[in-house]
$ cat entry.cif   # mmCIF, C-alpha atoms; chains and numbers go by the auth columns
data_structure
loop_
_atom_site.group_PDB
_atom_site.id
_atom_site.type_symbol
_atom_site.label_atom_id
_atom_site.label_comp_id
_atom_site.label_asym_id
_atom_site.label_seq_id
_atom_site.Cartn_x
_atom_site.Cartn_y
_atom_site.Cartn_z
_atom_site.B_iso_or_equiv
_atom_site.auth_seq_id
_atom_site.auth_asym_id
ATOM 1 C CA MET A 1 -17.525 11.319 -28.077 0.00 4 A
ATOM 2 C CA GLN A 2 -13.838 11.457 -27.231 0.00 5 A
ATOM 3 C CA HIS A 3 -12.317 14.737 -26.097 0.00 6 A
ATOM 4 C CA LEU A 4 -8.843 15.532 -27.318 0.00 7 A
ATOM 5 C CA VAL A 5 -6.463 17.425 -25.045 0.00 8 A
ATOM 6 C CA PRO A 6 -3.222 19.064 -26.108 0.00 9 A
ATOM 7 C CA GLU A 7 -0.372 17.137 -24.569 0.00 10 A
ATOM 8 C CA PRO A 8 2.384 19.477 -23.400 0.00 11 A
ATOM 9 C CA GLU A 9 5.893 18.145 -23.456 0.00 12 A
ATOM 10 C CA GLY A 10 6.677 16.076 -20.369 0.00 13 A
ATOM 11 C CA CYS A 11 3.044 15.720 -19.256 0.00 14 A
ATOM 12 C CA GLY A 12 2.028 12.618 -21.189 0.00 15 A
ATOM 13 C CA ALA A 13 1.038 10.371 -18.291 0.00 16 A
ATOM 14 C CA GLN A 14 -0.894 13.128 -16.534 0.00 17 A
ATOM 15 C CA TYR A 15 -2.863 14.029 -19.638 0.00 18 A
ATOM 16 C CA GLN A 16 -3.672 10.398 -20.339 0.00 19 A
ATOM 17 C CA ILE A 17 -5.287 10.271 -16.889 0.00 20 A
ATOM 18 C CA LEU A 18 -7.276 13.441 -17.594 0.00 21 A
ATOM 19 C CA GLN A 19 -8.378 12.064 -20.953 0.00 22 A
ATOM 20 C CA ALA A 20 -9.543 8.824 -19.339 0.00 23 A
ATOM 21 C CA ALA A 21 -11.490 10.745 -16.668 0.00 24 A
ATOM 22 C CA SER A 22 -13.138 12.823 -19.387 0.00 25 A
ATOM 23 C CA ASP A 23 -14.230 9.733 -21.302 0.00 26 A
ATOM 24 C CA ILE A 24 -15.650 8.143 -18.141 0.00 27 A
ATOM 25 C CA ALA A 25 -17.606 11.270 -17.199 0.00 28 A
ATOM 26 C CA ASP A 26 -18.897 11.596 -20.736 0.00 29 A
ATOM 27 C CA TYR A 27 -20.011 7.964 -20.862 0.00 30 A
ATOM 28 C CA PHE A 28 -21.735 7.753 -17.471 0.00 31 A
ATOM 29 C CA CYS A 29 -23.112 11.288 -17.095 0.00 32 A
ATOM 30 C CA GLY A 30 -23.585 12.856 -20.516 0.00 33 A
ATOM 31 C CA GLU A 31 -23.979 16.310 -18.971 0.00 34 A
ATOM 32 C CA PRO A 32 -21.785 18.773 -17.045 0.00 35 A
ATOM 33 C CA VAL A 33 -20.768 17.524 -13.606 0.00 36 A
ATOM 34 C CA ILE A 34 -19.511 19.025 -10.361 0.00 37 A
ATOM 35 C CA CYS A 35 -15.762 18.403 -10.412 0.00 38 A
ATOM 36 C CA MET A 36 -14.437 17.965 -6.876 0.00 39 A
ATOM 37 C CA GLY A 37 -10.841 17.607 -5.728 0.00 40 A
ATOM 38 C CA GLU A 38 -9.525 17.126 -2.218 0.00 41 A
ATOM 39 C CA SER A 39 -6.004 18.034 -1.077 0.00 42 A
ATOM 40 C CA ALA A 40 -3.602 16.795 -3.773 0.00 43 A
ATOM 41 C CA GLY A 41 -6.658 16.076 -5.913 0.00 44 A
ATOM 42 C CA CYS A 42 -7.296 19.835 -6.200 0.00 45 A
ATOM 43 C CA ALA A 43 -4.478 20.084 -8.720 0.00 46 A
ATOM 44 C CA TRP A 44 -6.067 17.363 -10.843 0.00 47 A
ATOM 45 C CA ALA A 45 -9.531 18.918 -10.579 0.00 48 A
ATOM 46 C CA ALA A 46 -8.267 22.342 -11.636 0.00 49 A
ATOM 47 C CA GLN A 47 -6.412 20.959 -14.625 0.00 50 A
ATOM 48 C CA PHE A 48 -9.335 18.737 -15.656 0.00 51 A
ATOM 49 C CA THR A 49 -11.723 21.692 -15.528 0.00 52 A
ATOM 50 C CA ARG A 50 -9.445 23.833 -17.656 0.00 53 A
ATOM 51 C CA ALA A 51 -8.968 21.029 -20.194 0.00 54 A
ATOM 52 C CA PHE A 52 -12.683 20.103 -20.381 0.00 55 A
ATOM 53 C CA PRO A 53 -14.686 23.195 -19.346 0.00 56 A
ATOM 54 C CA ASP A 54 -17.807 22.031 -21.199 0.00 57 A
ATOM 55 C CA GLN A 55 -17.968 18.951 -18.992 0.00 58 A
ATOM 56 C CA VAL A 56 -17.889 20.855 -15.698 0.00 59 A
ATOM 57 C CA SER A 57 -20.705 22.908 -14.149 0.00 60 A
ATOM 58 C CA GLU A 58 -18.824 23.819 -10.967 0.00 61 A
ATOM 59 C CA LEU A 59 -15.329 23.306 -9.579 0.00 62 A
ATOM 60 C CA VAL A 60 -15.162 22.317 -5.904 0.00 63 A
ATOM 61 C CA LEU A 61 -11.840 22.322 -4.063 0.00 64 A
ATOM 62 C CA VAL A 62 -11.567 20.852 -0.570 0.00 65 A
ATOM 63 C CA ALA A 63 -8.538 21.379 1.693 0.00 66 A
ATOM 64 C CA THR A 64 -6.668 23.144 -1.084 0.00 67 A
ATOM 65 C CA PRO A 65 -2.922 22.547 -0.807 0.00 68 A
ATOM 66 C CA GLN A 66 -0.579 25.490 -0.707 0.00 69 A
ATOM 67 C CA ALA A 67 0.512 26.133 -4.241 0.00 70 A
ATOM 68 C CA VAL A 68 3.698 27.155 -5.925 0.00 71 A
ATOM 69 C CA ARG A 69 3.646 30.695 -7.216 0.00 72 A
ATOM 70 C CA PRO A 70 3.330 31.269 -10.940 0.00 73 A
ATOM 71 C CA LYS A 71 4.140 34.895 -11.725 0.00 74 A
ATOM 72 C CA ASP A 72 0.543 35.772 -12.572 0.00 75 A
ATOM 73 C CA ALA A 73 -0.663 34.508 -9.169 0.00 76 A
ATOM 74 C CA GLU A 74 1.873 36.210 -6.917 0.00 77 A
ATOM 75 C CA ARG A 75 -0.464 39.120 -6.361 0.00 78 A
ATOM 76 C CA PHE A 76 -2.965 37.083 -4.371 0.00 79 A
ATOM 77 C CA LEU A 77 -0.928 34.282 -2.783 0.00 80 A
ATOM 78 C CA PRO A 78 0.676 34.761 0.648 0.00 81 A
ATOM 79 C CA ARG A 79 4.366 35.572 0.630 0.00 82 A
ATOM 80 C CA SER A 80 5.554 33.471 3.569 0.00 83 A
ATOM 81 C CA LEU A 81 7.217 30.141 2.740 0.00 84 A
ATOM 82 C CA THR A 82 6.045 26.949 4.413 0.00 85 A
ATOM 83 C CA LEU A 83 7.642 23.514 4.326 0.00 86 A
ATOM 84 C CA LEU A 84 5.328 22.511 1.457 0.00 87 A
ATOM 85 C CA LEU A 85 6.253 25.561 -0.580 0.00 88 A
ATOM 86 C CA GLU A 86 9.945 25.094 0.151 0.00 89 A
ATOM 87 C CA VAL A 87 9.765 21.493 -1.103 0.00 90 A
ATOM 88 C CA SER A 88 7.883 22.717 -4.180 0.00 91 A
ATOM 89 C CA ASN A 89 10.623 25.201 -4.985 0.00 92 A
ATOM 90 C CA ARG A 90 13.300 22.539 -4.653 0.00 93 A
ATOM 91 C CA ILE A 91 11.375 20.114 -6.861 0.00 94 A
ATOM 92 C CA ARG A 92 11.072 22.707 -9.596 0.00 95 A
ATOM 93 C CA LYS A 93 14.823 23.247 -9.552 0.00 96 A
ATOM 94 C CA ASP A 94 15.927 19.608 -9.434 0.00 97 A
ATOM 95 C CA ASP A 95 13.968 16.601 -10.757 0.00 98 A
ATOM 96 C CA ARG A 96 16.036 14.288 -8.554 0.00 99 A
ATOM 97 C CA VAL A 97 14.088 15.572 -5.559 0.00 100 A
ATOM 98 C CA ILE A 98 10.921 13.969 -6.948 0.00 101 A
ATOM 99 C CA ALA A 99 12.632 10.593 -7.327 0.00 102 A
ATOM 100 C CA GLY A 100 14.007 10.797 -3.796 0.00 103 A
ATOM 101 C CA LEU A 101 10.667 11.731 -2.261 0.00 104 A
ATOM 102 C CA THR A 102 8.931 8.967 -4.188 0.00 105 A
ATOM 103 C CA ARG A 103 11.353 6.331 -2.905 0.00 106 A
ATOM 104 C CA VAL A 104 10.849 7.482 0.675 0.00 107 A
ATOM 105 C CA TYR A 105 7.071 7.574 0.254 0.00 108 A
ATOM 106 C CA ASN A 106 6.923 4.049 -1.152 0.00 109 A
ATOM 107 C CA VAL A 107 9.211 2.631 1.539 0.00 110 A
ATOM 108 C CA ILE A 108 6.966 4.094 4.229 0.00 111 A
ATOM 109 C CA GLY A 109 3.773 3.033 2.443 0.00 112 A
ATOM 110 C CA ARG A 110 4.821 -0.630 2.286 0.00 113 A
ATOM 111 C CA VAL A 111 4.724 -0.946 6.099 0.00 114 A
ATOM 112 C CA PRO A 112 1.299 -0.053 7.582 0.00 115 A
ATOM 113 C CA ALA A 113 2.697 0.508 11.062 0.00 116 A
ATOM 114 C CA LEU A 114 5.273 2.912 9.669 0.00 117 A
ATOM 115 C CA SER A 115 2.791 4.773 7.467 0.00 118 A
ATOM 116 C CA ARG A 116 0.424 5.133 10.426 0.00 119 A
ATOM 117 C CA ARG A 117 3.158 6.634 12.603 0.00 120 A
ATOM 118 C CA SER A 118 4.180 8.976 9.792 0.00 121 A
ATOM 119 C CA LEU A 119 0.642 10.263 9.309 0.00 122 A
ATOM 120 C CA ASP A 120 0.129 10.659 13.055 0.00 123 A
ATOM 121 C CA PHE A 121 3.291 12.764 13.156 0.00 124 A
ATOM 122 C CA LEU A 122 2.275 14.799 10.095 0.00 125 A
ATOM 123 C CA PHE A 123 -1.109 15.694 11.601 0.00 126 A
ATOM 124 C CA ARG A 124 -0.026 15.737 15.244 0.00 127 A
ATOM 125 C CA GLN A 125 -1.168 19.342 15.787 0.00 128 A
ATOM 126 C CA ALA A 126 -4.694 18.725 14.479 0.00 129 A
ATOM 127 C CA PRO A 127 -6.753 16.481 16.823 0.00 130 A
ATOM 128 C CA SER A 128 -9.585 16.081 14.309 0.00 131 A
ATOM 129 C CA ASP A 129 -7.146 14.768 11.691 0.00 132 A
ATOM 130 C CA VAL A 130 -5.496 12.365 14.132 0.00 133 A
ATOM 131 C CA ALA A 131 -8.938 10.962 14.939 0.00 134 A
ATOM 132 C CA SER A 132 -9.706 10.590 11.211 0.00 135 A
ATOM 133 C CA ILE A 133 -6.448 8.731 10.625 0.00 136 A
ATOM 134 C CA GLU A 134 -7.208 6.347 13.473 0.00 137 A
ATOM 135 C CA GLU A 135 -10.664 5.614 12.082 0.00 138 A
ATOM 136 C CA SER A 136 -9.321 5.159 8.540 0.00 139 A
ATOM 137 C CA TYR A 137 -6.802 2.543 9.650 0.00 140 A
ATOM 138 C CA ALA A 138 -9.310 0.754 11.872 0.00 141 A
ATOM 139 C CA LYS A 139 -12.351 0.730 9.565 0.00 142 A
ATOM 140 C CA LEU A 140 -11.312 1.725 6.039 0.00 143 A
ATOM 141 C CA PHE A 141 -8.102 -0.317 5.679 0.00 144 A
ATOM 142 C CA LEU A 142 -6.047 2.758 4.797 0.00 145 A
ATOM 143 C CA GLY A 143 -2.795 0.962 5.621 0.00 146 A
ATOM 144 C CA ASP A 144 -3.596 -1.774 3.095 0.00 147 A
ATOM 145 C CA TRP A 145 -4.429 0.795 0.409 0.00 148 A
ATOM 146 C CA LEU A 146 -1.162 2.662 0.929 0.00 149 A
ATOM 147 C CA ARG A 147 0.776 -0.605 0.784 0.00 150 A
ATOM 148 C CA LEU A 148 -0.998 -1.596 -2.444 0.00 151 A
ATOM 149 C CA ILE A 149 -0.100 1.751 -4.038 0.00 152 A
ATOM 150 C CA ALA A 150 3.521 1.497 -2.924 0.00 153 A
ATOM 151 C CA ASN A 151 3.892 -2.058 -4.250 0.00 154 A
ATOM 152 C CA LYS A 152 1.839 -1.915 -7.443 0.00 155 A
ATOM 153 C CA ALA A 153 1.772 1.729 -8.531 0.00 156 A
ATOM 154 C CA THR A 154 5.248 3.026 -7.792 0.00 157 A
ATOM 155 C CA ARG A 155 5.248 5.340 -10.787 0.00 158 A
ATOM 156 C CA ALA A 156 1.882 6.768 -9.759 0.00 159 A
ATOM 157 C CA SER A 157 3.455 8.104 -6.582 0.00 160 A
ATOM 158 C CA MET A 158 6.044 9.991 -8.620 0.00 161 A
ATOM 159 C CA ASP A 159 3.392 11.406 -10.963 0.00 162 A
ATOM 160 C CA GLU A 160 1.337 12.562 -7.972 0.00 163 A
ATOM 161 C CA VAL A 161 4.262 14.410 -6.403 0.00 164 A
ATOM 162 C CA ALA A 162 5.219 16.036 -9.705 0.00 165 A
ATOM 163 C CA HIS A 163 1.661 17.117 -10.464 0.00 166 A
ATOM 164 C CA LEU A 164 1.003 18.572 -7.024 0.00 167 A
ATOM 165 C CA HIS A 165 4.105 20.727 -7.224 0.00 168 A
ATOM 166 C CA SER A 166 3.437 22.054 -10.708 0.00 169 A
ATOM 167 C CA ASP A 167 2.011 25.527 -11.337 0.00 170 A
ATOM 168 C CA TRP A 168 -1.572 24.252 -11.283 0.00 171 A
ATOM 169 C CA VAL A 169 -2.957 27.470 -9.779 0.00 172 A
ATOM 170 C CA LYS A 170 -2.526 29.150 -13.161 0.00 173 A
ATOM 171 C CA ASP A 171 -5.436 27.017 -14.404 0.00 174 A
ATOM 172 C CA PHE A 172 -7.775 29.094 -12.206 0.00 175 A
ATOM 173 C CA GLN A 173 -6.972 32.198 -14.218 0.00 176 A
ATOM 174 C CA HIS A 174 -8.574 30.634 -17.301 0.00 177 A
ATOM 175 C CA LEU A 175 -11.859 29.622 -15.650 0.00 178 A
ATOM 176 C CA THR A 176 -15.124 31.567 -15.578 0.00 179 A
ATOM 177 C CA LEU A 177 -17.392 28.950 -14.034 0.00 180 A
ATOM 178 C CA PRO A 178 -18.378 28.898 -10.326 0.00 181 A
ATOM 179 C CA MET A 179 -15.698 27.711 -7.900 0.00 182 A
ATOM 180 C CA ARG A 180 -16.243 26.663 -4.299 0.00 183 A
ATOM 181 C CA PHE A 181 -13.488 26.264 -1.719 0.00 184 A
ATOM 182 C CA PHE A 182 -14.144 24.245 1.448 0.00 185 A
ATOM 183 C CA HIS A 183 -11.510 24.361 4.181 0.00 186 A
ATOM 184 C CA GLY A 184 -11.091 23.432 7.830 0.00 187 A
ATOM 185 C CA THR A 185 -10.118 26.157 10.273 0.00 188 A
ATOM 186 C CA GLU A 186 -7.750 23.767 12.054 0.00 189 A
ATOM 187 C CA ASP A 187 -5.879 22.645 8.926 0.00 190 A
ATOM 188 C CA THR A 188 -2.257 22.723 10.072 0.00 191 A
ATOM 189 C CA LEU A 189 -0.873 21.165 6.880 0.00 192 A
ATOM 190 C CA CYS A 190 -2.313 23.780 4.503 0.00 193 A
ATOM 191 C CA PRO A 191 -3.576 26.776 6.507 0.00 194 A
ATOM 192 C CA ILE A 192 -6.907 28.247 5.509 0.00 195 A
ATOM 193 C CA GLU A 193 -5.353 31.689 4.978 0.00 196 A
ATOM 194 C CA ASP A 194 -3.781 30.475 1.747 0.00 197 A
ATOM 195 C CA ALA A 195 -7.131 29.266 0.371 0.00 198 A
ATOM 196 C CA LYS A 196 -8.800 32.542 1.324 0.00 199 A
ATOM 197 C CA ALA A 197 -6.070 34.464 -0.461 0.00 200 A
ATOM 198 C CA MET A 198 -6.642 32.431 -3.625 0.00 201 A
ATOM 199 C CA VAL A 199 -10.378 33.124 -3.482 0.00 202 A
ATOM 200 C CA GLU A 200 -9.792 36.864 -3.208 0.00 203 A
ATOM 201 C CA GLY A 201 -8.147 36.805 -6.624 0.00 204 A
ATOM 202 C CA LEU A 202 -10.899 34.769 -8.309 0.00 205 A
ATOM 203 C CA PRO A 203 -14.138 36.639 -9.162 0.00 206 A
ATOM 204 C CA THR A 204 -16.299 33.503 -9.408 0.00 207 A
ATOM 205 C CA ALA A 205 -14.958 31.780 -6.261 0.00 208 A
ATOM 206 C CA THR A 206 -16.289 31.562 -2.714 0.00 209 A
ATOM 207 C CA CYS A 207 -14.825 29.977 0.412 0.00 210 A
ATOM 208 C CA GLN A 208 -16.676 28.171 3.200 0.00 211 A
ATOM 209 C CA ALA A 209 -14.825 27.433 6.427 0.00 212 A
ATOM 210 C CA PHE A 210 -15.646 24.519 8.739 0.00 213 A
ATOM 211 C CA GLU A 211 -14.887 25.364 12.336 0.00 214 A
ATOM 212 C CA GLY A 212 -12.776 22.749 14.105 0.00 215 A
ATOM 213 C CA ALA A 213 -12.156 20.653 10.999 0.00 216 A
ATOM 214 C CA GLY A 214 -8.629 19.817 9.907 0.00 217 A
ATOM 215 C CA HIS A 215 -7.004 18.945 6.593 0.00 218 A
ATOM 216 C CA LEU A 216 -9.153 15.813 6.231 0.00 219 A
ATOM 217 C CA VAL A 217 -12.264 17.966 6.192 0.00 220 A
ATOM 218 C CA LEU A 218 -14.087 15.997 3.483 0.00 221 A
ATOM 219 C CA GLY A 219 -14.241 12.894 5.655 0.00 222 A
ATOM 220 C CA GLN A 220 -15.060 14.919 8.755 0.00 223 A
ATOM 221 C CA ARG A 221 -17.769 17.128 7.250 0.00 224 A
ATOM 222 C CA LEU A 222 -18.944 15.282 4.142 0.00 225 A
ATOM 223 C CA ASP A 223 -22.640 15.716 4.949 0.00 226 A
ATOM 224 C CA ASP A 224 -22.168 19.458 5.427 0.00 227 A
ATOM 225 C CA VAL A 225 -20.254 19.806 2.158 0.00 228 A
ATOM 226 C CA LEU A 226 -22.934 17.930 0.210 0.00 229 A
ATOM 227 C CA ALA A 227 -25.730 19.884 1.905 0.00 230 A
ATOM 228 C CA SER A 228 -24.052 23.162 0.957 0.00 231 A
ATOM 229 C CA LEU A 229 -23.668 22.104 -2.678 0.00 232 A
ATOM 230 C CA ALA A 230 -27.279 20.892 -2.808 0.00 233 A
ATOM 231 C CA ALA A 231 -28.518 24.195 -1.387 0.00 234 A
ATOM 232 C CA ASP A 232 -26.565 26.124 -3.998 0.00 235 A
ATOM 233 C CA ARG A 233 -27.967 23.965 -6.785 0.00 236 A
ATOM 234 C CA LYS A 234 -31.506 24.469 -5.508 0.00 237 A
ATOM 235 C CA SER A 235 -31.031 28.245 -5.305 0.00 238 A
ATOM 236 C CA ALA A 236 -29.676 28.328 -8.857 0.00 239 A
ATOM 237 C CA GLU A 237 -32.701 26.396 -10.135 0.00 240 A
ATOM 238 C CA LEU A 238 -35.102 28.797 -8.399 0.00 241 A
ATOM 239 C CA VAL A 239 -33.366 31.750 -10.015 0.00 242 A
ATOM 240 C CA ARG A 240 -33.765 30.174 -13.453 0.00 243 A
#

$ encode --input "entry.cif" --output "structure tokens"
Amino acid sequence: MQHLVPEPEGCGAQYQILQAASDIADYFCGEPVICMGESAGCAWAAQFTRAFPDQVSELVLVATPQAVRPKDAERFLPRSLTLLLEVSNRIRKDDRVIAGLTRVYNVIGRVPALSRRSLDFLFRQAPSDVASIEESYAKLFLGDWLRLIANKATRASMDEVAHLHSDWVKDFQHLTLPMRFFHGTEDTLCPIEDAKAMVEGLPTATCQAFEGAGHLVLGQRLDDVLASLAADRKSAELVR
């Protein structure tokens, strides 16, 4: 069965991706799934869940990025601007900013040594994240993956930047299913306070903090995240 999603003007490529993900989940699973997004992937997970609510049993968001402020979300999002929010505001006012950021990102991504130094600088205030970056380059070939994306999927980088800085938080307001937020207490890129503020405005959402974990919390605490989700599923089955 193919699910049809309305395609808003200007969002064609993004909705084609969502449609493809829906078809894959439908083919391989055939029942509602836990939809999980990490960091920039949270925007995709939120939009997928809103577009295909019947295919999702629970929405899980890990290391939620700070979001731009749609008017209906201002009441529960922090007021202070961060660098990420400032960039978001500029992107929304001028599409040329997206093109410029994409060019810079792809130039850096094509040189593993340069991308490694850039990530080390980005996460320099979070020791757990620096350690994760080091392991990813040494064992998981992260530098090669970033170079492949920069060389072969240039447009994908632009779509990712545009999607992350859209008003994706508004999708939460249309959801009634359970939502779980997992966040590291030492996340210096997207502070946990922002995620907690989002949860306060969502009746079906809860937030679990991981002490000492940074922005790359999923890699650092994957076993704990899965154990928490499994415990919740078991409790729900006992209640039924």

$ resolve_selection --input "entry.cif" --expression "the PyMOL selection byres ((chain A and resi 65) around 6)" --output "short mmCIF file (atom, residue, chain, number, x, y, z; two decimals) with C-alpha atoms, keeping the file's coordinate frame"
data_model
loop_
_atom_site.label_atom_id
_atom_site.label_comp_id
_atom_site.auth_asym_id
_atom_site.auth_seq_id
_atom_site.Cartn_x
_atom_site.Cartn_y
_atom_site.Cartn_z
CA GLU A 41 -9.52 17.13 -2.22
CA LEU A 64 -11.84 22.32 -4.06
CA ALA A 66 -8.54 21.38 1.69
CA THR A 67 -6.67 23.14 -1.08
CA PHE A 184 -13.49 26.26 -1.72
CA PHE A 185 -14.14 24.24 1.45
CA HIS A 186 -11.51 24.36 4.18
#

$ axis_aligned_box --input "entry.cif" --around "region 23-35 of chain A" --padding-each-side "4 Å" --output "lines of an AutoDock Vina configuration file"
center_x = -16.8
center_y = 13.3
center_z = -19.0
size_x = 22.4
size_y = 19.0
size_z = 12.6

$ residues_around --input "entry.cif" --residues "region 204-217 of chain A" --least-positions-apart "3" --cutoff "10 Å" --atoms "only C-alpha atoms" --output "number ranges by chain"
A: 62-66, 76, 78-80, 126, 128-133, 135, 175-176, 178-195, 198-201, 220-224, 227-228, 231

$ write_last_selection --input "entry.cif" --atoms "C-alpha atoms" --output "mmCIF file, in the coordinates of the input"
data_model
loop_
_atom_site.group_PDB
_atom_site.id
_atom_site.type_symbol
_atom_site.label_atom_id
_atom_site.label_comp_id
_atom_site.auth_asym_id
_atom_site.auth_seq_id
_atom_site.Cartn_x
_atom_site.Cartn_y
_atom_site.Cartn_z
ATOM 1 C CA LEU A 62 -15.329 23.306 -9.579
ATOM 2 C CA VAL A 63 -15.162 22.317 -5.904
ATOM 3 C CA LEU A 64 -11.840 22.322 -4.063
ATOM 4 C CA VAL A 65 -11.567 20.852 -0.570
ATOM 5 C CA ALA A 66 -8.538 21.379 1.693
ATOM 6 C CA ALA A 76 -0.663 34.508 -9.169
ATOM 7 C CA ARG A 78 -0.464 39.120 -6.361
ATOM 8 C CA PHE A 79 -2.965 37.083 -4.371
ATOM 9 C CA LEU A 80 -0.928 34.282 -2.783
ATOM 10 C CA PHE A 126 -1.109 15.694 11.601
ATOM 11 C CA GLN A 128 -1.168 19.342 15.787
ATOM 12 C CA ALA A 129 -4.694 18.725 14.479
ATOM 13 C CA PRO A 130 -6.753 16.481 16.823
ATOM 14 C CA SER A 131 -9.585 16.081 14.309
ATOM 15 C CA ASP A 132 -7.146 14.768 11.691
ATOM 16 C CA VAL A 133 -5.496 12.365 14.132
ATOM 17 C CA SER A 135 -9.706 10.590 11.211
ATOM 18 C CA PHE A 175 -7.775 29.094 -12.206
ATOM 19 C CA GLN A 176 -6.972 32.198 -14.218
ATOM 20 C CA LEU A 178 -11.859 29.622 -15.650
ATOM 21 C CA THR A 179 -15.124 31.567 -15.578
ATOM 22 C CA LEU A 180 -17.392 28.950 -14.034
ATOM 23 C CA PRO A 181 -18.378 28.898 -10.326
ATOM 24 C CA MET A 182 -15.698 27.711 -7.900
ATOM 25 C CA ARG A 183 -16.243 26.663 -4.299
ATOM 26 C CA PHE A 184 -13.488 26.264 -1.719
ATOM 27 C CA PHE A 185 -14.144 24.245 1.448
ATOM 28 C CA HIS A 186 -11.510 24.361 4.181
ATOM 29 C CA GLY A 187 -11.091 23.432 7.830
ATOM 30 C CA THR A 188 -10.118 26.157 10.273
ATOM 31 C CA GLU A 189 -7.750 23.767 12.054
ATOM 32 C CA ASP A 190 -5.879 22.645 8.926
ATOM 33 C CA THR A 191 -2.257 22.723 10.072
ATOM 34 C CA LEU A 192 -0.873 21.165 6.880
ATOM 35 C CA CYS A 193 -2.313 23.780 4.503
ATOM 36 C CA PRO A 194 -3.576 26.776 6.507
ATOM 37 C CA ILE A 195 -6.907 28.247 5.509
ATOM 38 C CA ALA A 198 -7.131 29.266 0.371
ATOM 39 C CA LYS A 199 -8.800 32.542 1.324
ATOM 40 C CA ALA A 200 -6.070 34.464 -0.461
ATOM 41 C CA MET A 201 -6.642 32.431 -3.625
ATOM 42 C CA VAL A 220 -12.264 17.966 6.192
ATOM 43 C CA LEU A 221 -14.087 15.997 3.483
ATOM 44 C CA GLY A 222 -14.241 12.894 5.655
ATOM 45 C CA GLN A 223 -15.060 14.919 8.755
ATOM 46 C CA ARG A 224 -17.769 17.128 7.250
ATOM 47 C CA ASP A 227 -22.168 19.458 5.427
ATOM 48 C CA VAL A 228 -20.254 19.806 2.158
ATOM 49 C CA SER A 231 -24.052 23.162 0.957
#

$ resolve_selection --input "entry.cif" --expression "the PyMOL selection byres ((chain A and resi 108) around 10)" --output "list in words"
Ala102, Gly103, Leu104, Thr105, Arg106, Val107, Asn109, Val110, Ile111, Gly112, Arg113, Ser118, Leu149, Ala153, Thr157, Ser160, Met161 and Val164 of chain A

$ atom_distance --input "entry.cif" --atom1 "CA of Ser42 (chain A)" --atom2 "CA of Pro68 (chain A)"
5.5 Å

$ atom_distance --input "entry.cif" --atom1 "CA of His218 (chain A)" --atom2 "CA of Cys45 (chain A)"
12.8 Å

$ decode --input "entry.cif" --residues "region 117-136 of chain A" --atoms "C-alpha atoms" --output "mmCIF file, in the first residue's frame"
data_model
loop_
_atom_site.group_PDB
_atom_site.id
_atom_site.type_symbol
_atom_site.label_atom_id
_atom_site.label_comp_id
_atom_site.auth_asym_id
_atom_site.auth_seq_id
_atom_site.Cartn_x
_atom_site.Cartn_y
_atom_site.Cartn_z
ATOM 1 C CA LEU A 117 39.760 19.369 7.691
ATOM 2 C CA SER A 118 36.395 17.876 8.650
ATOM 3 C CA ARG A 119 37.983 16.233 11.694
ATOM 4 C CA ARG A 120 39.464 19.533 12.870
ATOM 5 C CA SER A 121 36.144 21.286 12.299
ATOM 6 C CA LEU A 122 34.220 18.748 14.365
ATOM 7 C CA ASP A 123 36.831 18.817 17.128
ATOM 8 C CA PHE A 124 36.428 22.593 17.265
ATOM 9 C CA LEU A 125 32.621 22.392 17.197
ATOM 10 C CA PHE A 126 32.525 19.980 20.147
ATOM 11 C CA ARG A 127 35.620 21.273 21.935
ATOM 12 C CA GLN A 128 33.728 22.022 25.168
ATOM 13 C CA ALA A 129 32.246 18.523 25.449
ATOM 14 C CA PRO A 130 34.906 15.865 26.241
ATOM 15 C CA SER A 131 32.507 12.969 25.640
ATOM 16 C CA ASP A 132 31.749 14.256 22.133
ATOM 17 C CA VAL A 133 35.423 14.785 21.308
ATOM 18 C CA ALA A 134 36.076 11.175 22.313
ATOM 19 C CA SER A 135 33.174 9.995 20.120
ATOM 20 C CA ILE A 136 34.517 11.923 17.137
#
